$ cat final-v1.cif   # mmCIF, C-alpha atoms
data_query
#
loop_
_atom_site.label_atom_id
_atom_site.label_comp_id
_atom_site.auth_asym_id
_atom_site.auth_seq_id
_atom_site.Cartn_x
_atom_site.Cartn_y
_atom_site.Cartn_z
CA MET S 1 14.45 -17.71 -13.72
CA LEU S 2 11.42 -17.10 -11.53
CA SER S 3 13.22 -18.56 -8.53
CA ILE S 4 16.18 -16.22 -9.11
CA SER S 5 13.77 -13.33 -9.45
CA ASN S 6 12.03 -14.18 -6.17
CA GLY S 7 15.41 -14.62 -4.51
CA LEU S 8 16.51 -11.15 -5.60
CA ILE S 9 13.51 -9.36 -4.12
CA THR S 10 13.79 -11.38 -0.90
CA ALA S 11 17.48 -10.51 -0.57
CA ALA S 12 16.69 -6.85 -1.30
CA PHE S 13 14.13 -6.91 1.52
CA PHE S 14 16.72 -7.96 4.10
CA ILE S 15 19.36 -5.55 2.77
CA LEU S 16 16.91 -2.66 3.15
CA LEU S 17 16.03 -3.86 6.64
CA VAL S 18 19.70 -3.91 7.69
CA ALA S 19 20.35 -0.57 5.94
CA LEU S 20 18.09 1.12 8.49
CA ILE S 21 20.79 0.63 11.15
CA PRO S 22 23.61 2.67 9.55
CA LEU S 23 21.01 5.14 8.30
CA ALA S 24 19.80 5.75 11.86
CA VAL S 25 23.39 6.02 13.10
CA SER S 26 24.25 8.57 10.40
CA ILE S 27 21.49 10.91 11.61
CA LYS S 28 23.00 11.15 15.10
CA SER S 29 26.59 11.21 13.91
CA LYS S 30 28.53 13.67 11.79
CA ASN S 31 30.59 10.82 10.42
CA LYS S 32 29.78 10.34 6.72
CA ARG S 33 30.84 6.69 6.75
CA SER S 34 27.52 5.39 8.12
CA GLU S 35 25.58 7.48 5.62
CA TYR S 36 27.71 6.16 2.74
CA ILE S 37 27.20 2.55 3.87
CA ALA S 38 23.44 3.02 4.23
CA ILE S 39 22.93 4.66 0.85
CA THR S 40 25.18 2.09 -0.85
CA MET S 41 23.08 -0.72 0.64
CA ILE S 42 19.86 0.97 -0.48
CA VAL S 43 21.21 1.38 -4.03
CA VAL S 44 22.32 -2.28 -4.11
CA ALA S 45 18.88 -3.36 -2.87
CA PHE S 46 17.19 -1.22 -5.52
CA ILE S 47 19.36 -2.75 -8.27
CA MET S 48 18.37 -6.22 -7.03
CA GLN S 49 14.71 -5.19 -7.09
CA ILE S 50 15.08 -4.03 -10.68
CA GLY S 51 16.72 -7.40 -11.38
CA TYR S 52 13.63 -9.10 -9.93
CA PHE S 53 11.40 -6.98 -12.16
CA ILE S 54 13.36 -7.66 -15.38
CA LEU S 55 13.80 -11.40 -14.78
CA ARG S 56 10.12 -11.87 -13.89
CA TRP S 57 9.17 -9.94 -17.02
CA ILE S 58 11.36 -12.22 -19.17
CA ALA S 59 10.07 -15.38 -17.45
CA THR S 60 6.38 -14.47 -17.74
CA GLY S 61 6.51 -12.74 -21.11
CA HIS S 62 4.65 -9.68 -19.83
CA ALA S 63 5.21 -6.81 -17.42
CA PRO S 64 5.06 -8.16 -13.83
CA VAL S 65 2.19 -5.91 -12.77
CA SER S 66 -0.80 -8.14 -13.59
CA ASN S 67 -1.84 -9.25 -10.09
CA MET S 68 -1.81 -7.97 -6.51
CA TYR S 69 1.58 -9.45 -5.61
CA GLU S 70 3.30 -7.99 -8.67
CA PHE S 71 1.59 -4.60 -8.37
CA ILE S 72 2.45 -4.18 -4.68
CA ALA S 73 6.04 -5.33 -5.26
CA THR S 74 6.40 -2.77 -8.05
CA PHE S 75 4.88 -0.07 -5.85
CA SER S 76 7.43 -0.83 -3.12
CA ILE S 77 10.27 -0.67 -5.68
CA MET S 78 9.08 2.70 -6.98
CA LEU S 79 8.91 3.99 -3.42
CA ILE S 80 12.61 3.22 -3.00
CA LEU S 81 13.24 4.91 -6.35
CA GLY S 82 11.34 7.93 -5.06
CA TYR S 83 13.52 8.05 -1.97
CA LEU S 84 16.77 7.75 -3.95
CA ILE S 85 15.70 10.60 -6.25
CA THR S 86 14.77 12.73 -3.23
CA TYR S 87 18.07 11.91 -1.50
CA HIS S 88 20.01 12.86 -4.62
CA TYR S 89 18.58 16.36 -4.55
CA TYR S 90 18.09 17.02 -0.83
CA LYS S 91 20.45 14.58 0.96
CA SER S 92 17.71 13.94 3.53
CA LYS S 93 18.53 10.88 5.62
CA VAL S 94 15.56 11.09 7.99
CA LEU S 95 13.22 10.59 5.03
CA GLY S 96 14.72 7.12 4.55
CA LEU S 97 13.93 6.11 8.15
CA PHE S 98 10.24 6.36 7.25
CA ALA S 99 10.23 5.59 3.52
CA ILE S 100 12.13 2.29 3.79
CA PRO S 101 9.87 0.77 6.49
CA ILE S 102 6.83 1.66 4.37
CA SER S 103 8.43 -0.10 1.40
CA LEU S 104 9.19 -3.13 3.57
CA LEU S 105 5.60 -3.22 4.82
CA LEU S 106 4.39 -3.15 1.23
CA ILE S 107 6.62 -6.09 0.32
CA ALA S 108 5.43 -8.00 3.40
CA TYR S 109 1.82 -7.22 2.49
CA GLY S 110 2.39 -8.33 -1.10
CA SER S 111 3.80 -11.64 0.12
CA LEU S 112 0.33 -12.50 1.46
CA PHE S 113 -0.86 -12.93 -2.13
CA SER S 114 -0.02 -15.70 -4.54
CA THR S 115 3.29 -15.36 -6.39
CA ASP S 116 2.21 -17.91 -9.01
CA VAL S 117 2.33 -16.97 -12.68
CA ASN S 118 -1.01 -17.39 -14.45
CA PRO S 119 -1.99 -16.70 -18.09
CA LEU S 120 -3.24 -13.16 -18.65
CA ILE S 121 -6.97 -12.73 -19.09
CA PRO S 122 -7.91 -11.21 -22.49
CA SER S 123 -8.35 -7.65 -21.20
CA LEU S 124 -4.79 -7.66 -19.83
CA GLN S 125 -3.16 -8.91 -23.03
CA SER S 126 -2.01 -5.50 -24.17
CA ASN S 127 1.09 -3.32 -24.16
CA TRP S 128 -1.00 -0.82 -22.23
CA LEU S 129 -0.64 -3.09 -19.19
CA ALA S 130 2.99 -2.01 -18.82
CA ILE S 131 2.41 1.61 -19.91
CA HIS S 132 -0.55 2.25 -17.62
CA VAL S 133 0.45 0.36 -14.47
CA ILE S 134 4.16 1.23 -14.44
CA THR S 135 3.37 4.93 -14.86
CA VAL S 136 0.87 4.72 -11.98
CA THR S 137 3.33 2.95 -9.67
CA ILE S 138 6.05 5.51 -10.43
CA SER S 139 3.60 8.27 -9.52
CA TYR S 140 2.66 6.40 -6.34
CA GLY S 141 6.33 6.14 -5.37
CA ILE S 142 6.87 9.88 -5.80
CA LEU S 143 3.59 10.87 -4.13
CA SER S 144 4.56 8.62 -1.23
CA MET S 145 7.58 10.85 -0.63
CA SER S 146 5.16 13.73 -0.16
CA ALA S 147 3.32 11.76 2.52
CA VAL S 148 6.54 10.68 4.24
CA ALA S 149 7.77 14.28 4.36
CA GLY S 150 4.35 15.36 5.64
CA LEU S 151 4.35 12.73 8.39
CA ILE S 152 7.84 13.75 9.52
CA TYR S 153 6.71 17.39 9.57
CA LEU S 154 3.71 16.54 11.76
CA LEU S 155 5.75 14.35 14.12
CA LYS S 156 8.16 17.20 14.79
CA ALA S 157 5.62 20.03 14.82
CA ILE S 158 2.97 18.48 17.09
CA PRO S 159 3.89 18.07 20.80
CA GLU S 160 3.49 14.50 22.01
CA ASN S 161 1.44 15.40 25.10
CA GLU S 162 -0.76 17.99 23.44
CA LYS S 163 -4.47 17.42 24.06
CA SER S 164 -5.79 18.54 20.72
CA LEU S 165 -7.61 17.11 17.72
CA ARG S 166 -4.47 17.16 15.56
CA ALA S 167 -2.51 15.18 18.18
CA ARG S 168 -5.33 12.62 18.47
CA ILE S 169 -5.51 12.20 14.69
CA LEU S 170 -1.74 11.71 14.50
CA GLU S 171 -1.96 9.09 17.25
CA LEU S 172 -4.76 7.43 15.29
CA ILE S 173 -2.33 7.14 12.36
CA MET S 174 0.12 5.38 14.72
CA ALA S 175 -2.71 3.02 15.69
CA GLY S 176 -3.38 2.41 11.99
CA ILE S 177 0.23 1.35 11.51
CA VAL S 178 -0.20 -1.16 14.35
CA VAL S 179 -3.36 -2.48 12.65
CA VAL S 180 -1.44 -3.02 9.39
CA LEU S 181 1.36 -4.87 11.19
CA VAL S 182 -1.15 -7.06 13.05
CA TYR S 183 -2.96 -7.75 9.77
CA ILE S 184 0.23 -9.00 8.11
CA VAL S 185 1.36 -11.07 11.10
CA THR S 186 -2.10 -12.55 11.74
CA THR S 187 -2.57 -13.55 8.11
CA LEU S 188 0.87 -15.17 7.93
CA ILE S 189 0.27 -17.09 11.16
CA MET S 190 -3.26 -18.26 10.31
CA GLN S 191 -2.35 -19.27 6.74
CA GLY S 192 1.09 -20.67 7.43
CA ALA S 193 1.68 -21.83 11.00
CA VAL S 194 -1.90 -22.59 12.02
CA GLY S 195 -3.24 -23.56 8.61
CA TYR S 196 -6.78 -22.43 9.46
CA SER S 197 -9.15 -23.04 6.55
CA ASP S 198 -12.95 -22.81 6.30
CA GLU S 199 -14.40 -23.13 2.80
CA PHE S 200 -17.71 -21.64 1.69
CA MET S 201 -19.45 -22.18 -1.65
CA TYR S 202 -21.30 -19.17 -3.06
CA THR S 203 -22.56 -17.60 -6.28
CA ASP S 204 -20.64 -14.53 -7.45
CA GLN S 205 -22.02 -11.44 -9.21
CA ARG S 206 -21.65 -13.14 -12.61
CA GLY S 207 -23.74 -16.11 -11.48
CA GLU S 208 -20.77 -18.50 -11.32
CA THR S 209 -20.27 -20.94 -8.45
CA MET S 210 -17.14 -20.15 -6.47
CA VAL S 211 -15.45 -21.40 -3.30
CA ALA S 212 -13.99 -18.93 -0.79
CA ASP S 213 -11.26 -20.15 1.55
CA TYR S 214 -11.43 -18.30 4.90
CA HIS S 215 -8.25 -18.28 7.00
CA LEU S 216 -10.01 -16.56 9.90
CA PRO S 217 -13.42 -17.37 11.45
CA SER S 218 -16.25 -15.99 9.32
CA LEU S 219 -17.70 -12.78 10.76
CA VAL S 220 -19.19 -11.79 7.39
CA ASN S 221 -19.90 -14.02 4.42
CA TYR S 222 -21.44 -14.10 0.97
CA SER S 223 -25.20 -14.18 0.59
CA GLU S 224 -26.51 -17.78 0.71
CA ALA S 225 -22.96 -19.13 1.20
CA ILE S 226 -22.82 -22.83 2.08
CA PRO S 227 -20.04 -24.20 4.33
CA VAL S 228 -18.28 -27.01 2.50
CA GLU S 229 -15.23 -29.24 2.76
CA HIS S 230 -12.98 -30.28 -0.11
CA VAL S 231 -13.01 -34.05 -0.62
CA GLY S 232 -10.82 -34.24 -3.74
CA ASP S 233 -11.08 -33.83 -7.52
CA GLU S 234 -12.88 -30.49 -7.17
CA GLN S 235 -15.60 -32.21 -5.20
CA TYR S 236 -17.09 -30.69 -2.06
CA GLU S 237 -19.48 -31.87 0.58
CA GLN S 238 -21.43 -29.81 3.09
CA ALA S 239 -19.63 -29.15 6.37
CA ASP S 240 -20.08 -27.28 9.63
CA HIS S 241 -18.00 -24.09 9.87
CA PHE S 242 -18.34 -21.15 12.24
CA HIS S 243 -20.35 -18.25 10.79
CA THR S 244 -22.06 -15.32 12.49
CA GLY S 245 -24.87 -15.29 9.93
CA ILE S 246 -24.04 -11.83 8.57
CA ASN S 247 -24.34 -12.15 4.79
CA LEU S 248 -23.44 -9.56 2.13
CA PRO S 249 -24.21 -9.33 -1.60
CA PRO S 250 -21.54 -10.75 -3.95
CA VAL S 251 -20.57 -7.25 -5.12
CA ILE S 252 -18.64 -7.12 -1.82
CA ASN S 253 -15.67 -9.48 -1.46
CA SER S 254 -16.72 -10.80 1.93
CA GLN S 255 -13.64 -12.99 2.27
CA SER S 256 -11.29 -9.99 2.13
CA LEU S 257 -13.63 -7.84 4.21
CA ASN S 258 -13.64 -10.54 6.88
CA THR S 259 -9.84 -10.37 7.09
CA VAL S 260 -9.95 -6.57 7.31
CA ILE S 261 -12.52 -6.66 10.14
CA TRP S 262 -10.44 -9.17 12.11
CA SER S 263 -7.33 -7.05 11.53
CA ILE S 264 -9.06 -3.93 12.88
CA ILE S 265 -10.34 -5.78 15.95
CA LEU S 266 -7.01 -7.46 16.75
CA GLY S 267 -4.98 -4.40 15.74
CA PHE S 268 -6.76 -2.03 18.11
CA ALA S 269 -6.62 -4.69 20.83
CA VAL S 270 -2.83 -4.84 20.44
CA TYR S 271 -2.67 -1.04 20.32
CA GLY S 272 -4.67 -0.85 23.57
CA ILE S 273 -2.32 -3.32 25.25
CA LEU S 274 0.70 -1.32 24.09
CA ARG S 275 -0.79 1.87 25.52
CA LEU S 276 -1.47 0.15 28.85
CA VAL S 277 2.03 -1.28 29.05
CA LEU S 278 3.91 1.80 27.83
CA ARG S 279 1.57 4.33 29.50
CA ARG S 280 2.36 6.79 26.75
CA ARG S 281 1.16 7.58 23.27
CA LEU S 282 2.96 5.67 20.53
CA LEU S 283 3.56 9.10 19.05
CA ALA S 284 6.05 9.70 21.87
CA PHE S 285 8.21 6.76 20.72
CA VAL S 286 8.24 7.67 17.03
CA LYS S 287 8.71 11.41 17.52
CA PRO S 288 12.47 11.27 18.34
CA LEU S 289 13.13 9.90 14.82
CA ALA S 290 11.95 13.23 13.40
CA SER S 291 13.64 15.45 15.98
CA ARG S 292 16.44 16.58 13.64
CA ALA S 293 14.26 17.13 10.60
CA ASP S 294 14.23 20.54 8.96
CA LEU S 295 10.56 21.58 8.77
CA ASN S 296 11.11 23.94 5.83
CA LEU S 297 12.90 21.18 3.91
CA MET S 298 10.12 18.65 4.66
CA ASP S 299 7.55 21.17 3.45
CA GLU S 300 9.47 21.75 0.21
CA ILE S 301 9.96 18.02 -0.42
CA GLY S 302 6.27 17.39 0.20
CA TYR S 303 5.22 20.09 -2.24
CA ARG S 304 7.70 19.25 -5.00
CA SER S 305 6.86 15.53 -4.78
CA VAL S 306 3.23 16.36 -5.56
CA ILE S 307 4.24 18.67 -8.43
CA ILE S 308 6.10 15.73 -10.03
CA GLY S 309 3.91 12.82 -8.93
CA PHE S 310 0.50 14.33 -9.68
CA PRO S 311 1.02 14.86 -13.46
CA LEU S 312 2.41 11.32 -13.70
CA PHE S 313 -0.68 9.97 -11.93
CA ALA S 314 -2.96 12.00 -14.19
CA LEU S 315 -1.10 10.62 -17.22
CA GLY S 316 -1.02 6.97 -16.14
CA GLY S 317 -4.08 6.69 -13.91
CA ILE S 318 -6.52 8.74 -16.00
CA PHE S 319 -5.29 9.36 -19.57
CA PHE S 320 -3.53 6.04 -20.30
CA ALA S 321 -6.23 4.15 -18.35
CA ALA S 322 -8.98 5.69 -20.49
CA ILE S 323 -7.21 4.72 -23.72
CA TRP S 324 -6.78 1.14 -22.51
CA ALA S 325 -10.40 1.00 -21.31
CA GLN S 326 -11.55 2.00 -24.80
CA ILE S 327 -9.45 -0.78 -26.34
CA ALA S 328 -10.45 -3.45 -23.80
CA TRP S 329 -14.08 -2.58 -23.02
CA SER S 330 -15.08 -0.20 -25.84
CA ARG S 331 -15.60 2.78 -23.54
CA PHE S 332 -13.21 5.39 -22.17
CA TRP S 333 -14.89 5.64 -18.79
CA GLY S 334 -17.48 3.55 -16.94
CA TRP S 335 -17.35 4.56 -13.25
CA ASP S 336 -16.06 1.14 -12.25
CA PRO S 337 -15.07 1.29 -8.52
CA LYS S 338 -11.37 1.52 -9.38
CA GLU S 339 -11.98 4.19 -12.01
CA THR S 340 -14.14 6.16 -9.59
CA TRP S 341 -11.46 6.10 -6.90
CA ALA S 342 -8.78 7.09 -9.41
CA PHE S 343 -10.93 10.12 -10.24
CA ILE S 344 -11.34 10.91 -6.52
CA THR S 345 -7.56 10.71 -6.05
CA PHE S 346 -7.01 12.91 -9.11
CA MET S 347 -9.43 15.53 -7.78
CA PHE S 348 -7.88 15.42 -4.31
CA TYR S 349 -4.41 16.28 -5.59
CA THR S 350 -5.92 18.94 -7.87
CA ILE S 351 -7.47 20.55 -4.79
CA PHE S 352 -4.18 20.05 -2.90
CA LEU S 353 -2.28 22.13 -5.48
CA HIS S 354 -5.04 24.72 -5.65
CA LEU S 355 -4.98 25.21 -1.88
CA ARG S 356 -1.20 25.29 -1.84
CA LEU S 357 -0.80 27.81 -4.66
CA ASN S 358 -3.83 30.02 -4.17
CA ARG S 359 -4.83 29.72 -0.53
CA GLY S 360 -1.44 29.58 1.14
CA TYR S 361 -1.77 26.03 2.51
CA GLU S 362 1.84 25.55 3.51
CA GLY S 363 3.57 23.92 6.45
CA GLU S 364 1.28 21.85 8.67
CA LYS S 365 -1.81 22.22 6.46
CA SER S 366 0.12 20.98 3.45
CA ALA S 367 1.57 18.11 5.53
CA TRP S 368 -1.91 16.93 6.53
CA LEU S 369 -3.06 17.00 2.91
CA ALA S 370 -0.01 14.95 1.84
CA VAL S 371 -0.74 12.28 4.48
CA ILE S 372 -4.43 12.16 3.52
CA GLY S 373 -3.41 11.69 -0.12
CA PHE S 374 -1.35 8.63 0.78
CA ILE S 375 -4.28 7.23 2.78
CA LEU S 376 -6.41 7.58 -0.36
CA ILE S 377 -3.79 5.65 -2.33
CA LEU S 378 -3.72 2.88 0.29
CA PHE S 379 -7.51 2.75 0.39
CA ASN S 380 -7.50 2.23 -3.37
CA LEU S 381 -4.83 -0.46 -3.04
CA ILE S 382 -6.54 -2.39 -0.24
CA ALA S 383 -10.26 -1.68 0.01
CA ILE S 384 -11.16 -0.96 -3.62
CA ASN S 385 -8.94 -3.73 -5.02
CA LEU S 386 -9.94 -6.43 -2.56
CA ILE S 387 -13.35 -5.68 -1.12
CA VAL S 388 -15.42 -4.11 -3.91
CA ALA S 389 -15.96 -6.34 -6.93
CA GLY S 390 -15.54 -4.72 -10.35
CA LEU S 391 -13.80 -4.94 -13.70
CA HIS S 392 -10.47 -4.34 -11.93
CA SER S 393 -10.93 -7.09 -9.32
CA TYR S 394 -8.06 -9.06 -10.85
CA ALA S 395 -5.66 -6.21 -9.96
#
$ encode --input "final-v1.cif" --output "structure tokens"
Amino acid sequence: MLSISNGLITAAFFILLVALIPLAVSIKSKNKRSEYIAITMIVVAFIMQIGYFILRWIATGHAPVSNMYEFIATFSIMLILGYLITYHYYKSKVLGLFAIPISLLLIAYGSLFSTDVNPLIPSLQSNWLAIHVITVTISYGILSMSAVAGLIYLLKAIPENEKSLRARILELIMAGIVVVLVYIVTTLIMQGAVGYSDEFMYTDQRGETMVADYHLPSLVNYSEAIPVEHVGDEQYEQADHFHTGINLPPVINSQSLNTVIWSIILGFAVYGILRLVLRRRLLAFVKPLASRADLNLMDEIGYRSVIIGFPLFALGGIFFAAIWAQIAWSRFWGWDPKETWAFITFMFYTIFLHLRLNRGYEGEKSAWLAVIGFILILFNLIAINLIVAGLHSYA
């Protein structure tokens, strides 16, 4: 059943990828046929993704949201759900040209993590796992539509050759997308094709001896980490691996941070090469995709997505999370890194709505806030989950 489940989400990935073609054609053509084909393919892909979710739930006996792979896959599914809901009400095709690639990137990113099914740790053995995490991912999917609409607004509103701070920040976002792509490709190549592996033995924050497997040369490492080599039967002997000598306390996941640092270095190197070859900002190549967008419609979608997504996030990410924390750890709130960032995200969207309703932050200002909100969500997903050790490090 697991193999069928994995096959469904893989097939859905390729259907969504192909669906971008008729979707792009439908924007430049008045013919409804291409639009019908694209939306049909997206709906079919979404049904297959739901099939993946249900079958994996049946096979594992619990909601498939207990590790990074499952959480990211669910996030990507909810993003497609968010787009389909938005399309139902606004019939916006251009939104799909940006929402679908983000969903595909999430699935690709999730594939970097193990898809294996492991027994749930005690704190996860609760019905609140499904209630809390599924509610949060639904809110993420809807809030993502706000960011997509905001990005489209900015791409159309800001001239590509403008020498201003807002144009430079938007180009920096384009560079960030390149960094993410390079991160995914580099990790797949180094783990799969190259098979690079340097192992280091260290002591984690709980005092337990662990072994970290580096798939890129070690720029940063755990404090007092010892380079080792696996010799069989969980036995290791000291080895000679490359290491810069920069050591960090075990509260920081140095293995993940090392990958992030390499991704930033290689990503900006690739971005620089692209700029030299193309002799234009990347913004200039993405901007035509948003040329036919209705700015007033994008502003409305961005605002209404937050109105719907924010209460759901407050419910799942704060209220349900606090109830589960009381059951699992005997306290409603403990300022764990993940809890702290959930509070920061909650406060950000509270301020977003305050500025929108009481200070007249509409149009471009609202679009910037929507994009920043999505960056906060991604930071929580990547940096807080992977780099900072805490009670939520398993997720």
$ residues_around --input "final-v1.cif" --residues "Ile100 (chain S)" --least-positions-apart "2" --cutoff "10 Å" --atoms "all atoms listed in the file" --output "ChimeraX atom specification"
/S:13,16-17,19-20,42,76,79-80,83,95-98,102-106
$ atom_distance --input "final-v1.cif" --atom1 "CA of Phe310 (chain S)" --atom2 "CA of Val133 (chain S)"
14.8 Å
$ atom_distance --input "final-v1.cif" --atom1 "CA of Ala314 (chain S)" --atom2 "CA of Ile138 (chain S)"
11.7 Å
$ resolve_selection --input "final-v1.cif" --expression "the PyMOL selection byres ((chain S and resi 196) around 8)" --output "list of chain:residue names"
S:Met190, S:Gln191, S:Val194, S:Gly195, S:Ser197, S:Asp198, S:Tyr214, S:His215, S:Leu216
$ residues_around --input "final-v1.cif" --residues "region 110-124 of chain S" --least-positions-apart "5" --cutoff "8 Å" --atoms "all atoms listed in the file" --output "PDB file with C-alpha atoms, keeping the file's coordinate frame"
ATOM      1  CA  THR S  60       6.380 -14.470 -17.740  1.00  0.00           C
ATOM      2  CA  SER S  66      -0.800  -8.140 -13.590  1.00  0.00           C
ATOM      3  CA  MET S  68      -1.810  -7.970  -6.510  1.00  0.00           C
ATOM      4  CA  TYR S  69       1.580  -9.450  -5.610  1.00  0.00           C
ATOM      5  CA  GLU S  70       3.300  -7.990  -8.670  1.00  0.00           C
ATOM      6  CA  ILE S  72       2.450  -4.180  -4.680  1.00  0.00           C
ATOM      7  CA  ALA S  73       6.040  -5.330  -5.260  1.00  0.00           C
ATOM      8  CA  LEU S 129      -0.640  -3.090 -19.190  1.00  0.00           C
ATOM      9  CA  ILE S 184       0.230  -9.000   8.110  1.00  0.00           C
ATOM     10  CA  THR S 187      -2.570 -13.550   8.110  1.00  0.00           C
ATOM     11  CA  LEU S 188       0.870 -15.170   7.930  1.00  0.00           C
ATOM     12  CA  ALA S 328     -10.450  -3.450 -23.800  1.00  0.00           C
ATOM     13  CA  TRP S 329     -14.080  -2.580 -23.020  1.00  0.00           C
TER      14      TRP S 329
END
$ residues_around --input "final-v1.cif" --residues "Ile308 (chain S)" --least-positions-apart "6" --cutoff "12 Å" --atoms "only C-alpha atoms" --output "PyMOL selection string"
chain S and resi 82+85-86+138-146+301-302+314-315+349+353
$ atom_distance --input "final-v1.cif" --atom1 "CA of Pro311 (chain S)" --atom2 "CA of Trp341 (chain S)"
16.6 Å
